[in-house]
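**Student:** Have a peek at upload_19.tsv (TSV, C-alpha atoms).
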```tsv
chain	number	residue	atom	x	y	z
A	1	MET	CA	-73.89	34.56	76.10
A	2	LEU	CA	-74.04	31.82	73.49
A	3	LEU	CA	-77.57	32.83	72.50
A	4	LEU	CA	-76.50	36.42	71.95
A	5	ASP	CA	-73.55	35.30	69.86
A	6	GLN	CA	-75.89	33.26	67.68
A	7	ILE	CA	-77.94	36.38	67.04
A	8	ALA	CA	-74.86	38.31	66.02
A	9	ASP	CA	-73.83	35.49	63.70
A	10	LYS	CA	-77.36	35.40	62.25
A	11	ASN	CA	-77.75	31.79	63.31
A	12	LEU	CA	-80.75	32.61	65.50
A	13	THR	CA	-83.83	34.48	64.30
A	14	LYS	CA	-86.16	36.63	66.34
A	15	GLU	CA	-88.85	33.98	66.04
A	16	SER	CA	-86.54	31.22	67.24
A	17	LEU	CA	-85.32	33.28	70.16
A	18	PHE	CA	-88.92	34.04	71.14
A	19	LYS	CA	-89.73	30.32	71.25
A	20	ILE	CA	-86.64	29.58	73.34
A	21	VAL	CA	-87.44	32.21	75.96
A	22	GLU	CA	-91.11	31.27	75.85
A	23	GLN	CA	-90.05	27.91	77.27
A	24	ASP	CA	-87.70	29.38	79.88
A	25	PHE	CA	-88.42	32.86	81.20
A	26	ALA	CA	-85.27	32.66	83.32
A	27	LEU	CA	-83.59	33.83	80.10
A	28	VAL	CA	-85.27	37.25	80.23
A	29	PRO	CA	-82.25	38.81	82.04
A	30	LEU	CA	-80.10	37.65	79.11
A	31	LEU	CA	-82.35	39.59	76.72
A	32	LEU	CA	-82.06	42.62	78.97
A	33	GLU	CA	-78.30	42.24	78.84
A	34	GLY	CA	-78.55	42.14	75.06
A	35	LEU	CA	-80.17	45.57	75.02
A	36	ALA	CA	-76.82	47.05	76.04
A	37	SER	CA	-74.89	45.27	73.30
A	38	SER	CA	-72.73	47.34	70.96
A	39	LYS	CA	-73.99	45.14	68.12
A	40	PRO	CA	-77.26	46.42	66.58
A	41	ALA	CA	-78.37	42.92	65.57
A	42	ILE	CA	-78.24	41.75	69.17
A	43	ARG	CA	-79.65	44.95	70.62
A	44	TYR	CA	-82.70	45.17	68.39
A	45	THR	CA	-83.44	41.45	68.17
A	46	CYS	CA	-83.54	41.24	71.96
A	47	ALA	CA	-85.74	44.34	72.09
A	48	ARG	CA	-88.24	42.98	69.57
A	49	VAL	CA	-88.45	39.65	71.40
A	50	LEU	CA	-89.10	41.49	74.67
A	51	VAL	CA	-91.87	43.49	72.99
A	52	ASP	CA	-93.48	40.29	71.70
A	53	LEU	CA	-93.12	38.54	75.05
A	54	SER	CA	-94.66	41.50	76.87
A	55	GLU	CA	-97.66	41.29	74.58
A	56	HIS	CA	-98.22	37.57	75.05
A	57	TYR	CA	-96.84	37.01	78.56
A	58	PRO	CA	-96.92	40.35	80.42
A	59	GLU	CA	-97.06	38.62	83.79
A	60	ASN	CA	-93.69	36.97	83.09
A	61	LEU	CA	-91.98	40.29	82.35
A	62	TYR	CA	-93.64	42.38	85.01
A	63	ALA	CA	-90.82	41.84	87.52
A	64	TYR	CA	-88.54	43.82	85.18
A	65	ILE	CA	-90.85	46.80	84.65
A	66	HIS	CA	-88.41	49.29	86.20
A	67	GLU	CA	-85.75	48.25	83.71
A	68	PHE	CA	-88.17	48.91	80.89
A	69	PHE	CA	-88.87	52.37	82.26
A	70	ASN	CA	-85.11	52.96	82.10
A	71	LEU	CA	-85.33	52.40	78.34
A	72	LEU	CA	-87.22	55.69	78.08
A	73	ASN	CA	-83.90	57.43	78.70
A	74	ASN	CA	-81.94	55.27	76.28
A	75	ASP	CA	-79.72	56.96	73.71
A	76	PHE	CA	-81.13	54.72	70.98
A	77	ARG	CA	-84.54	55.99	69.90
A	78	ILE	CA	-85.71	52.56	68.74
A	79	LEU	CA	-85.17	51.22	72.24
A	80	LYS	CA	-87.20	54.13	73.60
A	81	TRP	CA	-90.04	53.13	71.29
A	82	ASN	CA	-89.72	49.51	72.37
A	83	GLY	CA	-89.81	50.64	75.98
A	84	LEU	CA	-93.01	52.59	75.41
A	85	SER	CA	-94.62	49.52	73.87
A	86	ILE	CA	-93.49	47.09	76.56
A	87	ILE	CA	-94.62	49.35	79.39
A	88	ALA	CA	-98.05	49.73	77.80
A	89	ASN	CA	-98.33	45.95	77.59
A	90	LEU	CA	-97.29	45.54	81.22
A	91	ALA	CA	-99.93	48.04	82.33
A	92	THR	CA	-102.44	45.23	81.95
A	93	VAL	CA	-100.83	43.35	84.87
A	94	ASP	CA	-99.56	46.31	86.91
A	95	ILE	CA	-100.80	45.18	90.31
A	96	ASN	CA	-98.34	47.48	92.12
A	97	ASN	CA	-99.31	50.56	90.12
A	98	VAL	CA	-95.75	51.13	89.00
A	99	PHE	CA	-97.04	52.88	85.90
A	100	ASP	CA	-99.10	55.27	88.03
A	101	ASP	CA	-95.96	56.23	89.95
A	102	ASN	CA	-94.11	56.84	86.68
A	103	PHE	CA	-96.95	58.45	84.73
A	104	ASP	CA	-95.15	61.77	84.28
A	105	ARG	CA	-91.95	60.00	83.27
A	106	TYR	CA	-93.79	58.12	80.53
A	107	PHE	CA	-95.64	61.12	79.16
A	108	SER	CA	-92.59	63.37	79.33
A	109	LEU	CA	-91.70	61.85	75.95
A	110	MET	CA	-94.49	63.97	74.46
A	111	ASN	CA	-91.70	66.56	74.33
A	112	ASP	CA	-89.12	64.20	72.84
A	113	GLY	CA	-88.93	66.22	69.62
A	114	TYR	CA	-89.27	63.24	67.29
A	115	MET	CA	-92.52	62.47	65.53
A	116	VAL	CA	-92.21	58.68	65.76
A	117	THR	CA	-91.63	58.83	69.52
A	118	VAL	CA	-94.68	60.99	70.13
A	119	ALA	CA	-96.89	59.07	67.71
A	120	ASN	CA	-95.95	55.79	69.40
A	121	LEU	CA	-96.63	57.26	72.82
A	122	VAL	CA	-100.06	58.49	71.73
A	123	GLY	CA	-100.92	55.16	70.14
A	124	PHE	CA	-99.85	53.06	73.12
A	125	SER	CA	-101.81	55.33	75.46
A	126	SER	CA	-105.07	53.68	74.50
A	127	LYS	CA	-103.87	50.31	75.82
A	128	ILE	CA	-102.87	51.93	79.10
A	129	GLY	CA	-106.19	53.74	79.44
A	130	LEU	CA	-108.17	50.57	78.80
A	131	ALA	CA	-106.04	48.65	81.31
A	132	LYS	CA	-106.34	51.45	83.87
A	133	PRO	CA	-109.65	53.24	83.21
A	134	TYR	CA	-109.18	55.54	86.20
A	135	LEU	CA	-106.24	57.10	84.31
A	136	ALA	CA	-108.22	57.79	81.14
A	137	ASN	CA	-108.97	61.41	82.01
A	138	ARG	CA	-105.36	62.08	82.94
A	139	ILE	CA	-104.16	60.48	79.71
A	140	ALA	CA	-106.61	62.51	77.64
A	141	ARG	CA	-105.37	65.73	79.22
A	142	GLU	CA	-101.84	64.84	78.19
A	143	LEU	CA	-102.91	64.13	74.61
A	144	LEU	CA	-104.77	67.42	74.39
A	145	LYS	CA	-101.38	69.12	74.78
A	146	ILE	CA	-100.38	67.93	71.31
A	147	GLU	CA	-101.21	71.31	69.78
A	148	ASN	CA	-98.61	72.94	72.03
A	149	ILE	CA	-95.74	70.61	71.17
A	150	ALA	CA	-92.73	72.61	69.97
A	151	LEU	CA	-91.65	72.19	66.37
A	152	THR	CA	-88.23	70.67	65.70
A	153	PRO	CA	-86.36	69.52	62.58
A	154	HIS	CA	-87.82	66.08	63.32
A	155	LEU	CA	-91.31	67.25	64.24
A	156	THR	CA	-92.85	69.58	61.69
A	157	GLU	CA	-96.39	70.92	61.33
A	158	GLU	CA	-97.20	67.97	59.10
A	159	CYS	CA	-95.78	65.64	61.76
A	160	LYS	CA	-98.11	67.23	64.28
A	161	ARG	CA	-101.01	66.45	61.99
A	162	VAL	CA	-99.91	62.82	61.87
A	163	ILE	CA	-99.79	62.79	65.67
A	164	ALA	CA	-103.21	64.43	65.86
A	165	GLN	CA	-104.54	61.67	63.62
A	166	GLN	CA	-103.13	59.07	65.99
A	167	SER	CA	-104.61	60.89	68.96
A	168	ILE	CA	-108.11	60.70	67.46
A	169	ASP	CA	-107.77	56.91	67.31
A	170	THR	CA	-106.80	56.89	70.98
A	171	PHE	CA	-109.59	59.26	71.97
A	172	ASP	CA	-112.04	57.04	70.11
A	173	GLN	CA	-111.08	54.06	72.27
A	174	LEU	CA	-111.12	55.99	75.54
A	175	PHE	CA	-114.05	58.34	74.95
A	176	ASN	CA	-116.60	56.41	77.03
A	177	LEU	CA	-114.20	56.51	79.99
A	178	LEU	CA	-113.88	60.30	80.04
A	179	ASP	CA	-115.83	62.64	82.26
A	180	ARG	CA	-118.37	64.99	80.67
A	181	LYS	CA	-116.18	68.10	80.67
A	182	LEU	CA	-113.27	66.29	79.09
A	183	LYS	CA	-115.51	64.81	76.41
A	184	VAL	CA	-116.40	68.34	75.36
A	185	GLU	CA	-112.73	69.34	75.27
A	186	VAL	CA	-111.84	66.30	73.18
A	187	LEU	CA	-114.66	66.99	70.72
A	188	ASP	CA	-113.51	70.60	70.40
A	189	PHE	CA	-109.98	69.36	69.73
A	190	VAL	CA	-111.12	66.95	67.03
A	191	LYS	CA	-113.40	69.49	65.36
A	192	LYS	CA	-110.36	71.67	64.63
A	193	TYR	CA	-109.27	69.05	62.10
A	194	LEU	CA	-112.53	68.78	60.17
A	195	GLU	CA	-111.02	70.94	57.43
A	196	SER	CA	-107.45	69.66	57.75
A	197	SER	CA	-105.21	69.64	54.69
A	198	ARG	CA	-104.33	66.05	55.55
A	199	PRO	CA	-107.06	63.83	54.01
A	200	HIS	CA	-106.79	60.92	56.46
A	201	LEU	CA	-106.86	63.28	59.43
A	202	ARG	CA	-109.87	65.10	58.00
A	203	GLU	CA	-111.76	61.84	57.51
A	204	LYS	CA	-110.92	60.55	60.98
A	205	ALA	CA	-112.11	63.81	62.49
A	206	LYS	CA	-115.41	63.62	60.59
A	207	THR	CA	-115.97	60.01	61.59
A	208	PHE	CA	-115.20	60.80	65.23
A	209	VAL	CA	-117.58	63.77	65.38
A	210	LEU	CA	-120.36	61.75	63.73
A	211	ARG	CA	-119.88	59.00	66.31
A	212	TRP	CA	-119.46	61.06	69.43
A	213	GLY	CA	-120.56	64.58	68.60
```
Could you write out this structure as structure tokens?

**Tutor:**
Amino acid sequence: MLLLDQIADKNLTKESLFKIVEQDFALVPLLLEGLASSKPAIRYTCARVLVDLSEHYPENLYAYIHEFFNLLNNDFRILKWNGLSIIANLATVDINNVFDDNFDRYFSLMNDGYMVTVANLVGFSSKIGLAKPYLANRIARELLKIENIALTPHLTEECKRVIAQQSIDTFDQLFNLLDRKLKVEVLDFVKKYLESSRPHLREKAKTFVLRWG
């Protein structure tokens, strides 16, 4: 508990906490405990350290993968986003195919109603597809549903264009892993944005079609 108190008192930075846990992964449960803290400083510092640890030492966090899936239902959206990131990092060491068993749970956040959630999900999907190439087609089919996402006060038409832009980046990384039929569907999806009102989206679509079209 002393470590968590030091975070709350601002006597321990994220970088320092990372180095401490890096030397003793038996402290990971303490970080998980911190995620439930009523104090934002503790909650989010622990979350960011777990994200960083999952990127550098996924094998040391893999034992807790089910707890990270539970973050997808967390009331705090930032923790949901952290959970999406951590799970994607752990996919690289997922010897028990826990992600496969929870695929629908992960991608259910496509309907979260918040742009940042969906954009993060789409972005992290490339890491999962590269770690698990046999899931690339299934992931692509989920991302092709972007056009059908319902609008909300936090997910407007412009937000959907931002998400589409992110999806093109993901498709670009996974394209060689897709079957022939799906490649055609992805190209058709991207071509719809060749005349988009969003400049960056328009340029990404053009670059993608030139590369893969």

**Student:** Write out as a short mmCIF file (atom, residue, chain, number, x, y, z; two decimals) with C-alpha atoms, in the frame of the given file the residues lying within 10 Å of Leu53 of chain A, counting all atoms listed in the file and excluding same-chain residues fewer than 4 positions away.

**Tutor:**
```cif
data_model
loop_
_atom_site.label_atom_id
_atom_site.label_comp_id
_atom_site.auth_asym_id
_atom_site.auth_seq_id
_atom_site.Cartn_x
_atom_site.Cartn_y
_atom_site.Cartn_z
CA PHE A 18 -88.92 34.04 71.14
CA LYS A 19 -89.73 30.32 71.25
CA VAL A 21 -87.44 32.21 75.96
CA GLU A 22 -91.11 31.27 75.85
CA PHE A 25 -88.42 32.86 81.20
CA VAL A 28 -85.27 37.25 80.23
CA ALA A 47 -85.74 44.34 72.09
CA ARG A 48 -88.24 42.98 69.57
CA VAL A 49 -88.45 39.65 71.40
CA TYR A 57 -96.84 37.01 78.56
CA PRO A 58 -96.92 40.35 80.42
CA GLU A 59 -97.06 38.62 83.79
CA ASN A 60 -93.69 36.97 83.09
CA LEU A 61 -91.98 40.29 82.35
CA ILE A 86 -93.49 47.09 76.56
CA ASN A 89 -98.33 45.95 77.59
#
```

**Student:** Nearest to Lys145 of chain A among A:Ile42, A:Ala36, A:Leu121, A:Met110, with distances taken over all atoms listed in the file: which residue is it?

**Tutor:**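 Under the stated criterion, the closest residue is A:Met110.
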
**Student:** For atom CA of Tyr62 of chain A and atom CA of Asn96 of chain A, quote the distance in Å rounded to one decimal.

**Tutor:**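 We find that atom CA of Tyr62 of chain A and atom CA of Asn96 of chain A lie 9.9 Å from each other.
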
**Student:** Please determine, counting all atoms listed in the file, which residue among A:Asp5, A:Glu55, A:Glu33, A:Asp104 has the shortest atom-to-atom distance to Phe69 of chain A.

**Tutor:**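 Residue with the minimum atom-to-atom distance to Phe69 of chain A: A:Asp104.
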
**Student:** Would you give me, as JSON lines, each residue of segment 50-156 of chain A having an atom within 10 Å of an atom of segment 164-168 of chain A, along with its shortest atom pair and that distance in Å to one decimal, using all atoms listed in the file and sorting by chain and residue number?

**Tutor:**
```
{"residue": "A:Val118", "atom": "CA", "partner": "A:Gln166", "partner_atom": "CA", "distance": 9.6}
{"residue": "A:Ala119", "atom": "CA", "partner": "A:Gln166", "partner_atom": "CA", "distance": 6.5}
{"residue": "A:Asn120", "atom": "CA", "partner": "A:Gln166", "partner_atom": "CA", "distance": 8.6}
{"residue": "A:Leu121", "atom": "CA", "partner": "A:Ser167", "partner_atom": "CA", "distance": 9.6}
{"residue": "A:Val122", "atom": "CA", "partner": "A:Ser167", "partner_atom": "CA", "distance": 5.8}
{"residue": "A:Gly123", "atom": "CA", "partner": "A:Gln166", "partner_atom": "CA", "distance": 6.1}
{"residue": "A:Phe124", "atom": "CA", "partner": "A:Gln166", "partner_atom": "CA", "distance": 9.9}
{"residue": "A:Ser125", "atom": "CA", "partner": "A:Ser167", "partner_atom": "CA", "distance": 9.0}
{"residue": "A:Ser126", "atom": "CA", "partner": "A:Ser167", "partner_atom": "CA", "distance": 9.1}
{"residue": "A:Ala140", "atom": "CA", "partner": "A:Ser167", "partner_atom": "CA", "distance": 9.1}
{"residue": "A:Leu143", "atom": "CA", "partner": "A:Ser167", "partner_atom": "CA", "distance": 6.7}
{"residue": "A:Leu144", "atom": "CA", "partner": "A:Ser167", "partner_atom": "CA", "distance": 8.5}
{"residue": "A:Ile146", "atom": "CA", "partner": "A:Ala164", "partner_atom": "CA", "distance": 7.1}
{"residue": "A:Glu147", "atom": "CA", "partner": "A:Ala164", "partner_atom": "CA", "distance": 8.2}
```

**Student:** Using all atoms listed in the file, what residues lie at most 12 Å away from (-93.3, 51.3, 87.9) (file coordinates), given as a count of residues only?

**Tutor:** 27

**Student:** Would you mind reading off the distance between atom CA of Thr45 of chain A and atom CA of Leu2 of chain A, one decimal, in Å?

**Tutor:**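 Atom-to-atom, atom CA of Thr45 of chain A and atom CA of Leu2 of chain A are spaced 14.5 Å apart.
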
**Student:** Can you tell me how far atom CA of Leu178 of chain A sits from atom CA of Ala205 of chain A, in Å to one decimal?

**Tutor:**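 Atom-to-atom, atom CA of Leu178 of chain A and atom CA of Ala205 of chain A are spaced 18.0 Å apart.
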
**Student:** Could you check which of A:Leu135, A:Val162, A:Ala26, A:Leu201 is closest to Leu177 of chain A, using all atoms listed in the file?

**Tutor:** A:Leu135

**Student:** List the spatial neighbours of Lys204 of chain A as a list in words - criterion: any atom at most 12 Å away, only C-alpha atoms, same-chain residues fewer than 2 positions off excluded.

**Tutor:**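 Here the qualifying residues turn out to be Arg161, Val162, Ala164, Gln165, Gln166, Ser167, Ile168, Asp169, Thr170, Phe171, Asp172, Val190, Lys191, Lys192, Tyr193, Leu194, Glu195, Ser196, Arg198, Pro199, His200, Leu201, Arg202, Lys206, Thr207, Phe208, Val209, Leu210 and Arg211 of chain A.
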
**Student:** So, counting all atoms listed in the file, which residue among A:Ser108, A:Lys10, A:Val51, A:Asn148 is closest to Gly83 of chain A?

**Tutor:**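 Under the stated criterion, the closest residue is A:Val51.
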
**Student:** Which residue, A:Leu72, A:Ala41, A:Val184, A:Leu32, has the smallest gap to Leu109 of chain A when you use all atoms listed in the file?

**Tutor:**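 Between A:Leu72, A:Ala41, A:Val184, A:Leu32, the residue approaching Leu109 of chain A most closely is A:Leu72.
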
**Student:** Can you rebuild segment 22-54 of chain A with N, CA and C atoms and give it as a JSON list (two decimals), in the coordinates of the input?

**Tutor:**
```json
[["chain", "number", "residue", "atom", "x", "y", "z"],
["A", 22, "GLU", "N", -89.74, 31.65, 75.51],
["A", 22, "GLU", "CA", -91.11, 31.27, 75.85],
["A", 22, "GLU", "C", -91.13, 30.01, 76.70],
["A", 23, "GLN", "N", -90.15, 29.15, 76.50],
["A", 23, "GLN", "CA", -90.05, 27.91, 77.27],
["A", 23, "GLN", "C", -89.25, 28.06, 78.56],
["A", 24, "ASP", "N", -88.54, 29.18, 78.69],
["A", 24, "ASP", "CA", -87.70, 29.38, 79.88],
["A", 24, "ASP", "C", -87.54, 30.87, 80.14],
["A", 25, "PHE", "N", -88.44, 31.42, 80.94],
["A", 25, "PHE", "CA", -88.42, 32.86, 81.20],
["A", 25, "PHE", "C", -87.26, 33.29, 82.09],
["A", 26, "ALA", "N", -86.49, 32.32, 82.59],
["A", 26, "ALA", "CA", -85.27, 32.66, 83.32],
["A", 26, "ALA", "C", -84.24, 33.30, 82.39],
["A", 27, "LEU", "N", -84.50, 33.23, 81.08],
["A", 27, "LEU", "CA", -83.59, 33.83, 80.10],
["A", 27, "LEU", "C", -83.88, 35.32, 79.85],
["A", 28, "VAL", "N", -84.94, 35.84, 80.44],
["A", 28, "VAL", "CA", -85.27, 37.25, 80.23],
["A", 28, "VAL", "C", -84.10, 38.17, 80.60],
["A", 29, "PRO", "N", -83.40, 37.95, 81.73],
["A", 29, "PRO", "CA", -82.25, 38.81, 82.04],
["A", 29, "PRO", "C", -81.19, 38.81, 80.94],
["A", 30, "LEU", "N", -81.06, 37.70, 80.22],
["A", 30, "LEU", "CA", -80.10, 37.65, 79.11],
["A", 30, "LEU", "C", -80.54, 38.60, 77.99],
["A", 31, "LEU", "N", -81.84, 38.65, 77.73],
["A", 31, "LEU", "CA", -82.35, 39.59, 76.72],
["A", 31, "LEU", "C", -82.11, 41.03, 77.18],
["A", 32, "LEU", "N", -82.31, 41.28, 78.45],
["A", 32, "LEU", "CA", -82.06, 42.62, 78.97],
["A", 32, "LEU", "C", -80.59, 43.00, 78.83],
["A", 33, "GLU", "N", -79.73, 42.03, 79.04],
["A", 33, "GLU", "CA", -78.30, 42.24, 78.84],
["A", 33, "GLU", "C", -78.03, 42.58, 77.37],
["A", 34, "GLY", "N", -78.73, 41.90, 76.49],
["A", 34, "GLY", "CA", -78.55, 42.14, 75.06],
["A", 34, "GLY", "C", -78.90, 43.54, 74.62],
["A", 35, "LEU", "N", -79.78, 44.20, 75.37],
["A", 35, "LEU", "CA", -80.17, 45.57, 75.02],
["A", 35, "LEU", "C", -78.99, 46.53, 75.09],
["A", 36, "ALA", "N", -78.00, 46.18, 75.88],
["A", 36, "ALA", "CA", -76.82, 47.05, 76.04],
["A", 36, "ALA", "C", -75.69, 46.67, 75.09],
["A", 37, "SER", "N", -75.94, 45.71, 74.21],
["A", 37, "SER", "CA", -74.89, 45.27, 73.30],
["A", 37, "SER", "C", -74.49, 46.38, 72.33],
["A", 38, "SER", "N", -73.22, 46.38, 71.96],
["A", 38, "SER", "CA", -72.73, 47.34, 70.96],
["A", 38, "SER", "C", -73.11, 46.91, 69.55],
["A", 39, "LYS", "N", -73.62, 45.68, 69.43],
["A", 39, "LYS", "CA", -73.99, 45.14, 68.12],
["A", 39, "LYS", "C", -75.48, 45.36, 67.86],
["A", 40, "PRO", "N", -75.84, 46.14, 66.84],
["A", 40, "PRO", "CA", -77.26, 46.42, 66.58],
["A", 40, "PRO", "C", -78.11, 45.17, 66.42],
["A", 41, "ALA", "N", -77.58, 44.14, 65.79],
["A", 41, "ALA", "CA", -78.37, 42.92, 65.57],
["A", 41, "ALA", "C", -78.81, 42.32, 66.90],
["A", 42, "ILE", "N", -77.90, 42.29, 67.86],
["A", 42, "ILE", "CA", -78.24, 41.75, 69.17],
["A", 42, "ILE", "C", -79.20, 42.68, 69.90],
["A", 43, "ARG", "N", -78.87, 43.95, 69.88],
["A", 43, "ARG", "CA", -79.65, 44.95, 70.62],
["A", 43, "ARG", "C", -81.12, 44.94, 70.18],
["A", 44, "TYR", "N", -81.34, 45.01, 68.88],
["A", 44, "TYR", "CA", -82.70, 45.17, 68.39],
["A", 44, "TYR", "C", -83.46, 43.85, 68.31],
["A", 45, "THR", "N", -82.76, 42.74, 68.14],
["A", 45, "THR", "CA", -83.44, 41.45, 68.17],
["A", 45, "THR", "C", -83.95, 41.18, 69.59],
["A", 46, "CYS", "N", -83.12, 41.42, 70.57],
["A", 46, "CYS", "CA", -83.54, 41.24, 71.96],
["A", 46, "CYS", "C", -84.72, 42.16, 72.29],
["A", 47, "ALA", "N", -84.66, 43.38, 71.81],
["A", 47, "ALA", "CA", -85.74, 44.34, 72.09],
["A", 47, "ALA", "C", -87.06, 43.87, 71.48],
["A", 48, "ARG", "N", -87.01, 43.42, 70.23],
["A", 48, "ARG", "CA", -88.24, 42.98, 69.57],
["A", 48, "ARG", "C", -88.82, 41.73, 70.25],
["A", 49, "VAL", "N", -87.96, 40.84, 70.69],
["A", 49, "VAL", "CA", -88.45, 39.65, 71.40],
["A", 49, "VAL", "C", -89.10, 40.06, 72.72],
["A", 50, "LEU", "N", -88.52, 41.01, 73.42],
["A", 50, "LEU", "CA", -89.10, 41.49, 74.67],
["A", 50, "LEU", "C", -90.46, 42.15, 74.42],
["A", 51, "VAL", "N", -90.58, 42.89, 73.33],
["A", 51, "VAL", "CA", -91.87, 43.49, 72.99],
["A", 51, "VAL", "C", -92.91, 42.39, 72.76],
["A", 52, "ASP", "N", -92.54, 41.38, 71.99],
["A", 52, "ASP", "CA", -93.48, 40.29, 71.70],
["A", 52, "ASP", "C", -93.84, 39.50, 72.96],
["A", 53, "LEU", "N", -92.86, 39.26, 73.81],
["A", 53, "LEU", "CA", -93.12, 38.54, 75.05],
["A", 53, "LEU", "C", -94.04, 39.35, 75.97],
["A", 54, "SER", "N", -93.83, 40.66, 76.00],
["A", 54, "SER", "CA", -94.66, 41.50, 76.87],
["A", 54, "SER", "C", -96.11, 41.52, 76.41]]
```
